[in-house]
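**Q** One file: protein_26.pdb (PDB, C-alpha atoms).
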ATOM      1  CA  MET T   1       0.000   0.000   0.000
ATOM      2  CA  TYR T   2       1.098   3.559  -0.369
ATOM      3  CA  LEU T   3      -0.033   7.062   0.465
ATOM      4  CA  GLY T   4      -1.300   9.080  -2.458
ATOM      5  CA  ARG T   5      -3.152  12.191  -3.421
ATOM      6  CA  VAL T   6      -6.137  12.201  -5.732
ATOM      7  CA  ILE T   7      -5.288  14.573  -8.574
ATOM      8  CA  GLY T   8      -8.049  13.852 -11.037
ATOM      9  CA  SER T   9     -10.297  11.347 -12.723
ATOM     10  CA  VAL T  10     -10.480   9.285 -15.884
ATOM     11  CA  VAL T  11     -13.665   8.822 -17.921
ATOM     12  CA  ALA T  12     -13.984   5.767 -20.142
ATOM     13  CA  THR T  13     -17.137   4.502 -21.820
ATOM     14  CA  ILE T  14     -15.464   1.493 -23.408
ATOM     15  CA  LYS T  15     -13.759  -0.616 -20.741
ATOM     16  CA  ILE T  16     -13.661  -4.196 -19.566
ATOM     17  CA  ALA T  17     -16.682  -5.425 -17.634
ATOM     18  CA  HIS T  18     -14.733  -5.641 -14.365
ATOM     19  CA  LEU T  19     -14.535  -1.857 -14.308
ATOM     20  CA  ALA T  20     -18.210  -1.172 -15.029
ATOM     21  CA  ASP T  21     -19.911   0.964 -12.367
ATOM     22  CA  HIS T  22     -16.610   1.956 -10.796
ATOM     23  CA  ARG T  23     -15.114   5.433 -10.579
ATOM     24  CA  LEU T  24     -11.569   5.699 -11.810
ATOM     25  CA  LEU T  25      -9.358   8.281 -10.117
ATOM     26  CA  MET T  26      -5.811   9.378 -10.817
ATOM     27  CA  VAL T  27      -3.722   9.124  -7.708
ATOM     28  CA  ASP T  28      -0.209  10.470  -7.333
ATOM     29  CA  ARG T  29       2.193   8.800  -4.918
ATOM     30  CA  LEU T  30       3.335  10.980  -2.003
ATOM     31  CA  ASP T  31       6.809  11.240  -0.545
ATOM     32  CA  LEU T  32       7.494  11.329   3.192
ATOM     33  CA  ASP T  33       6.860  15.082   3.249
ATOM     34  CA  GLY T  34       3.399  14.600   1.771
ATOM     35  CA  LYS T  35       4.384  16.041  -1.604
ATOM     36  CA  VAL T  36       3.319  14.526  -4.927
ATOM     37  CA  THR T  37       6.091  12.648  -6.733
ATOM     38  CA  GLY T  38       4.744  12.350 -10.268
ATOM     39  CA  ALA T  39       4.444   8.565 -10.022
ATOM     40  CA  TYR T  40       0.790   7.808 -10.544
ATOM     41  CA  ASP T  41      -1.844   5.097 -10.906
ATOM     42  CA  ILE T  42      -5.373   5.024 -12.207
ATOM     43  CA  ALA T  43      -7.244   3.452  -9.312
ATOM     44  CA  VAL T  44     -10.737   2.194  -8.586
ATOM     45  CA  ASP T  45     -12.304   4.236  -5.791
ATOM     46  CA  VAL T  46     -14.423   2.533  -3.125
ATOM     47  CA  VAL T  47     -14.373   5.264  -0.461
ATOM     48  CA  GLN T  48     -15.793   8.229  -2.393
ATOM     49  CA  ALA T  49     -12.504  10.104  -2.471
ATOM     50  CA  GLY T  50     -12.225  13.420  -4.296
ATOM     51  CA  PRO T  51      -9.547  15.677  -5.798
ATOM     52  CA  GLY T  52      -6.924  16.727  -3.268
ATOM     53  CA  ASP T  53      -7.709  13.969  -0.776
ATOM     54  CA  THR T  54      -4.854  12.120   0.881
ATOM     55  CA  VAL T  55      -5.649   8.451   0.374
ATOM     56  CA  LEU T  56      -4.461   4.934   1.147
ATOM     57  CA  VAL T  57      -3.864   2.989  -2.053
ATOM     58  CA  LEU T  58      -3.830  -0.792  -2.383
ATOM     59  CA  ASP T  59      -1.722  -2.008  -5.300
ATOM     60  CA  GLU T  60      -2.133  -5.778  -5.296
ATOM     61  CA  GLY T  61      -4.428  -7.933  -7.389
ATOM     62  CA  ASN T  62      -5.805 -10.458  -4.932
ATOM     63  CA  GLY T  63      -6.797  -7.832  -2.389
ATOM     64  CA  ALA T  64      -8.276  -5.696  -5.159
ATOM     65  CA  ARG T  65     -10.394  -8.575  -6.455
ATOM     66  CA  GLN T  66     -11.571  -9.420  -2.975
ATOM     67  CA  ILE T  67     -12.681  -5.914  -2.067
ATOM     68  CA  LEU T  68     -14.417  -5.430  -5.415
ATOM     69  CA  GLY T  69     -15.998  -8.894  -5.357
ATOM     70  CA  LEU T  70     -14.476  -9.863  -8.694
ATOM     71  CA  ASP T  71     -13.173 -13.252  -9.849
ATOM     72  CA  PRO T  72     -11.605 -12.943 -12.303
ATOM     73  CA  GLY T  73     -10.821  -9.260 -12.087
ATOM     74  CA  ALA T  74      -8.176  -7.353 -13.992
ATOM     75  CA  VAL T  75      -7.809  -4.712 -11.298
ATOM     76  CA  ARG T  76      -4.760  -4.124  -9.160
ATOM     77  CA  THR T  77      -5.062  -0.629  -7.731
ATOM     78  CA  VAL T  78      -7.853   0.435  -5.374
ATOM     79  CA  ILE T  79      -8.255   3.491  -3.153
ATOM     80  CA  VAL T  80      -9.179   1.829   0.138
ATOM     81  CA  GLY T  81      -9.050   4.693   2.624
ATOM     82  CA  ILE T  82      -9.017   8.435   3.185
ATOM     83  CA  VAL T  83      -6.099   9.359   5.435
ATOM     84  CA  ASP T  84      -6.682  11.768   8.332
ATOM     85  CA  GLU T  85      -3.244  11.857   9.874
ATOM     86  CA  VAL T  86       0.302  10.673   9.275
ATOM     87  CA  THR T  87       2.902  10.705  12.044
ATOM     88  CA  LEU T  88       6.521   9.918  11.270
ATOM     89  CA  ALA T  89       9.163   9.043  13.809
ATOM     90  CA  GLY T  90      11.866  11.694  13.959
ATOM     91  CA  ASP T  91      14.679   9.226  13.430
ATOM     92  CA  ARG T  92      12.785   7.270  10.712
ATOM     93  CA  GLY T  93      13.579   4.005  12.461
TER      94      GLY T  93
ATOM     95  CA  MET X  94      -3.483   1.150 -14.264
ATOM     96  CA  ARG X  95      -1.567   3.684 -16.291
ATOM     97  CA  LEU X  96      -2.225   5.727 -19.402
ATOM     98  CA  GLY X  97      -0.827   4.844 -22.801
ATOM     99  CA  ARG X  98      -1.059   5.736 -26.446
ATOM    100  CA  VAL X  99      -1.435   2.977 -29.020
ATOM    101  CA  ILE X 100       1.288   3.519 -31.614
ATOM    102  CA  GLY X 101       1.264   0.276 -33.585
ATOM    103  CA  THR X 102       0.183  -3.290 -34.095
ATOM    104  CA  VAL X 103       1.993  -6.621 -33.835
ATOM    105  CA  VAL X 104       1.398  -9.731 -35.914
ATOM    106  CA  ALA X 105       2.736 -13.026 -34.562
ATOM    107  CA  THR X 106       1.629 -16.168 -36.337
ATOM    108  CA  ARG X 107       3.415 -18.728 -34.216
ATOM    109  CA  ARG X 108       2.315 -18.281 -30.612
ATOM    110  CA  SER X 109       2.540 -20.056 -27.308
ATOM    111  CA  THR X 110      -0.473 -21.758 -25.762
ATOM    112  CA  GLY X 111      -2.846 -19.225 -24.244
ATOM    113  CA  LEU X 112      -1.902 -16.449 -26.625
ATOM    114  CA  GLU X 113      -4.223 -17.609 -29.407
ATOM    115  CA  GLY X 114      -6.633 -14.914 -30.544
ATOM    116  CA  VAL X 115      -5.027 -12.203 -28.423
ATOM    117  CA  LYS X 116      -4.736  -8.856 -30.219
ATOM    118  CA  LEU X 117      -1.303  -7.338 -29.633
ATOM    119  CA  LEU X 118      -0.613  -3.609 -29.842
ATOM    120  CA  VAL X 119       2.444  -1.428 -29.404
ATOM    121  CA  VAL X 120       1.790   1.113 -26.662
ATOM    122  CA  GLN X 121       3.767   4.122 -25.502
ATOM    123  CA  PRO X 122       3.275   4.637 -21.738
ATOM    124  CA  LEU X 123       2.304   8.193 -20.760
ATOM    125  CA  ASP X 124       2.766  10.209 -17.604
ATOM    126  CA  GLU X 125      -0.115  11.912 -15.812
ATOM    127  CA  ASP X 126       0.124  14.885 -18.197
ATOM    128  CA  ARG X 127      -0.087  12.480 -21.151
ATOM    129  CA  ARG X 128       3.561  12.930 -22.120
ATOM    130  CA  PRO X 129       5.496   9.864 -23.278
ATOM    131  CA  THR X 130       7.495   8.228 -20.515
ATOM    132  CA  GLY X 131       9.637   5.113 -20.599
ATOM    133  CA  ARG X 132       9.918   2.599 -23.389
ATOM    134  CA  PRO X 133       7.132   1.387 -25.660
ATOM    135  CA  GLU X 134       5.654  -1.958 -24.662
ATOM    136  CA  ILE X 135       3.445  -4.620 -26.181
ATOM    137  CA  ALA X 136      -0.019  -4.927 -24.678
ATOM    138  CA  ALA X 137      -2.863  -7.383 -25.172
ATOM    139  CA  ASP X 138      -6.062  -5.556 -26.086
ATOM    140  CA  ALA X 139      -8.776  -6.741 -23.689
ATOM    141  CA  THR X 140     -11.285  -4.234 -25.055
ATOM    142  CA  ALA X 141     -10.907  -5.570 -28.616
ATOM    143  CA  GLN X 142     -11.604  -2.010 -29.772
ATOM    144  CA  ALA X 143      -8.302  -0.197 -29.414
ATOM    145  CA  GLY X 144      -6.269   0.892 -32.404
ATOM    146  CA  PRO X 145      -3.384   3.165 -33.348
ATOM    147  CA  GLY X 146      -3.745   6.712 -32.039
ATOM    148  CA  GLU X 147      -6.082   5.702 -29.230
ATOM    149  CA  LEU X 148      -5.574   6.957 -25.661
ATOM    150  CA  VAL X 149      -6.004   3.940 -23.374
ATOM    151  CA  PHE X 150      -5.346   2.694 -19.888
ATOM    152  CA  MET X 151      -3.571  -0.537 -19.114
ATOM    153  CA  VAL X 152      -3.190  -2.950 -16.243
ATOM    154  CA  ALA X 153       0.195  -4.578 -15.743
ATOM    155  CA  SER X 154       1.656  -7.745 -14.223
ATOM    156  CA  ARG X 155      -0.401 -10.808 -13.261
ATOM    157  CA  GLU X 156      -3.651  -8.864 -13.487
ATOM    158  CA  ALA X 157      -3.236  -8.357 -17.231
ATOM    159  CA  ALA X 158      -4.168 -11.963 -17.980
ATOM    160  CA  GLN X 159      -7.281 -11.614 -15.826
ATOM    161  CA  ALA X 160      -8.655  -9.238 -18.453
ATOM    162  CA  LEU X 161      -8.503 -11.916 -21.150
ATOM    163  CA  PRO X 162     -10.723 -14.964 -21.765
ATOM    164  CA  ASP X 163      -7.789 -17.255 -20.918
ATOM    165  CA  LEU X 164      -6.863 -16.349 -17.340
ATOM    166  CA  PHE X 165      -3.468 -17.953 -17.786
ATOM    167  CA  ALA X 166      -2.554 -16.189 -21.003
ATOM    168  CA  PRO X 167       1.157 -15.344 -21.013
ATOM    169  CA  VAL X 168       0.787 -11.568 -21.000
ATOM    170  CA  ASP X 169       2.005  -8.898 -18.570
ATOM    171  CA  LEU X 170       0.203  -5.849 -19.916
ATOM    172  CA  ALA X 171      -3.400  -5.470 -21.077
ATOM    173  CA  ILE X 172      -5.446  -2.572 -22.384
ATOM    174  CA  THR X 173      -8.554  -2.443 -20.201
ATOM    175  CA  GLY X 174     -10.245   0.754 -21.377
ATOM    176  CA  LEU X 175     -10.383   3.501 -23.981
ATOM    177  CA  VAL X 176     -10.089   6.950 -22.428
ATOM    178  CA  ASP X 177     -12.780   9.520 -23.255
ATOM    179  CA  ASP X 178     -11.456  12.170 -20.934
ATOM    180  CA  VAL X 179      -8.815  12.790 -18.275
ATOM    181  CA  HIS X 180      -9.571  15.485 -15.713
ATOM    182  CA  VAL X 181      -6.492  16.542 -13.802
ATOM    183  CA  VAL X 182      -7.207  19.090 -11.084
ATOM    184  CA  ALA X 183      -4.105  21.279 -11.084
ATOM    185  CA  ALA X 184      -4.857  22.723  -7.663
ATOM    186  CA  ALA X 185      -5.028  19.231  -6.173
ATOM    187  CA  ARG X 186      -1.369  18.659  -7.006
ATOM    188  CA  ARG X 187      -0.210  21.772  -5.200
ATOM    189  CA  GLY X 188      -0.430  22.719  -1.586
ATOM    190  CA  PRO X 189      -0.156  20.745   1.619
ATOM    191  CA  PRO X 190      -1.766  17.332   2.095
ATOM    192  CA  THR X 191      -5.318  17.160   3.418
ATOM    193  CA  ALA X 192      -4.135  14.777   6.130
ATOM    194  CA  ALA X 193      -2.403  16.174   9.209
ATOM    195  CA  TRP X 194       1.285  15.528   8.609
ATOM    196  CA  ARG X 195       3.407  15.261  11.740
ATOM    197  CA  ARG X 196       6.998  14.482  12.433
ATOM    198  CA  GLU X 197       7.963  13.495  15.953
ATOM    199  CA  GLU X 198      11.125  14.949  17.395
TER     200      GLU X 198
END
Would you mind writing the file's structure down as structure tokens?

**A**
Amino acid sequence: MYLGRVIGSVVATIKIAHLADHRLLMVDRLDLDGKVTGAYDIAVDVVQAGPGDTVLVLDEGNGARQILGLDPGAVRTVIVGIVDEVTLAGDRG
Amino acid sequence: MRLGRVIGTVVATRRSTGLEGVKLLVVQPLDEDRRPTGRPEIAADATAQAGPGELVFMVASREAAQALPDLFAPVDLAITGLVDDVHVVAAARRGPPTAAWRREE
């Protein structure tokens, strides 16, 4: 999983059936300072996230299929949470 | 999934088991501003409707085969949708995170 920021959305009429009825959001990976890095994914959203939101992103197929109730399911990336707070240890472990 | 632009087609007559009937396209991966990034790759077209010039999104790795009729097809990249529109909210990329961001001393 990683922390990301929702920066936009993708609209697609023609897509595989696994993605029907799902919102697709563009999410940019955050660094440890909470800044966007330019590395991005197009993710399925199940928590009603919106632009600007700090989110928790799952990037693994089995978990994605399970949460979306798909089998088979060609989905790997799902926004699974909206993050309220991040606390980092000063010495970074 | 990531964005890509279809830039060509591939014909391969002799194929391994599981790759029969799979449409193969050459795709240039794009960054979030739709600029080319990285090397072109070959993707299986799970929509069956993509063609050169098309803006698409693709799923990579093991999940690519899940988009095809044969779940064990030997592919690592599949086109799963044709993009109508990408809305990037410029303001959402700037500024501090919405989450409280703390660093312990």

**Q** Using only C-alpha atoms, which chain X residues lie at most 10 Å away from chain T, written as a PyMOL selection string?

**A** chain X and resi 94-96+124-126+139-143+149-162+164+171-198

**Q** Can you turn the PyMOL selection byres ((chain X and resi 110) around 10) into a concrete residue list for this file, as a compact mmCIF listing (two decimals) with C-alpha atoms, in the coordinates of the input?

**A**
# COMPACT_ATOMS: atom_id res chain seq x y z
CA ARG X 107 3.42 -18.73 -34.22
CA ARG X 108 2.32 -18.28 -30.61
CA SER X 109 2.54 -20.06 -27.31
CA GLY X 111 -2.85 -19.23 -24.24
CA LEU X 112 -1.90 -16.45 -26.62
CA GLU X 113 -4.22 -17.61 -29.41
CA ASP X 163 -7.79 -17.26 -20.92
CA PHE X 165 -3.47 -17.95 -17.79
CA ALA X 166 -2.55 -16.19 -21.00
CA PRO X 167 1.16 -15.34 -21.01

**Q** For the atom pair atom CA of T:Val57 and atom CA of X:Thr130, what is the interatomic distance in Å to one decimal place?

**A**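 Atom CA of T:Val57 sits 22.3 Å away from atom CA of X:Thr130.
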
**Q** Using Å and a single decimal, report how far atom CA of T:Arg29 sits from atom CA of X:Val120.

**A** 23.1 Å

**Q** State, in Å with one decimal place, the distance from atom CA of X:Ala137 to atom CA of X:Gly114.

**A** 10.0 Å

**Q** Can you pull out the residues contacting X:Arg98? Cut-off 7 Å, using only C-alpha atoms, and skip same-chain residues under 3 positions away; I want them as a PyMOL selection string.

**A** chain X and resi 120-122+146-149

**Q** Given the file shown, enumerate the residues that the PyMOL selection byres ((chain X and resi 119) around 6) captures and present them as a PyMOL selection string.

**A** chain X and resi 99-102+118+120+134-135
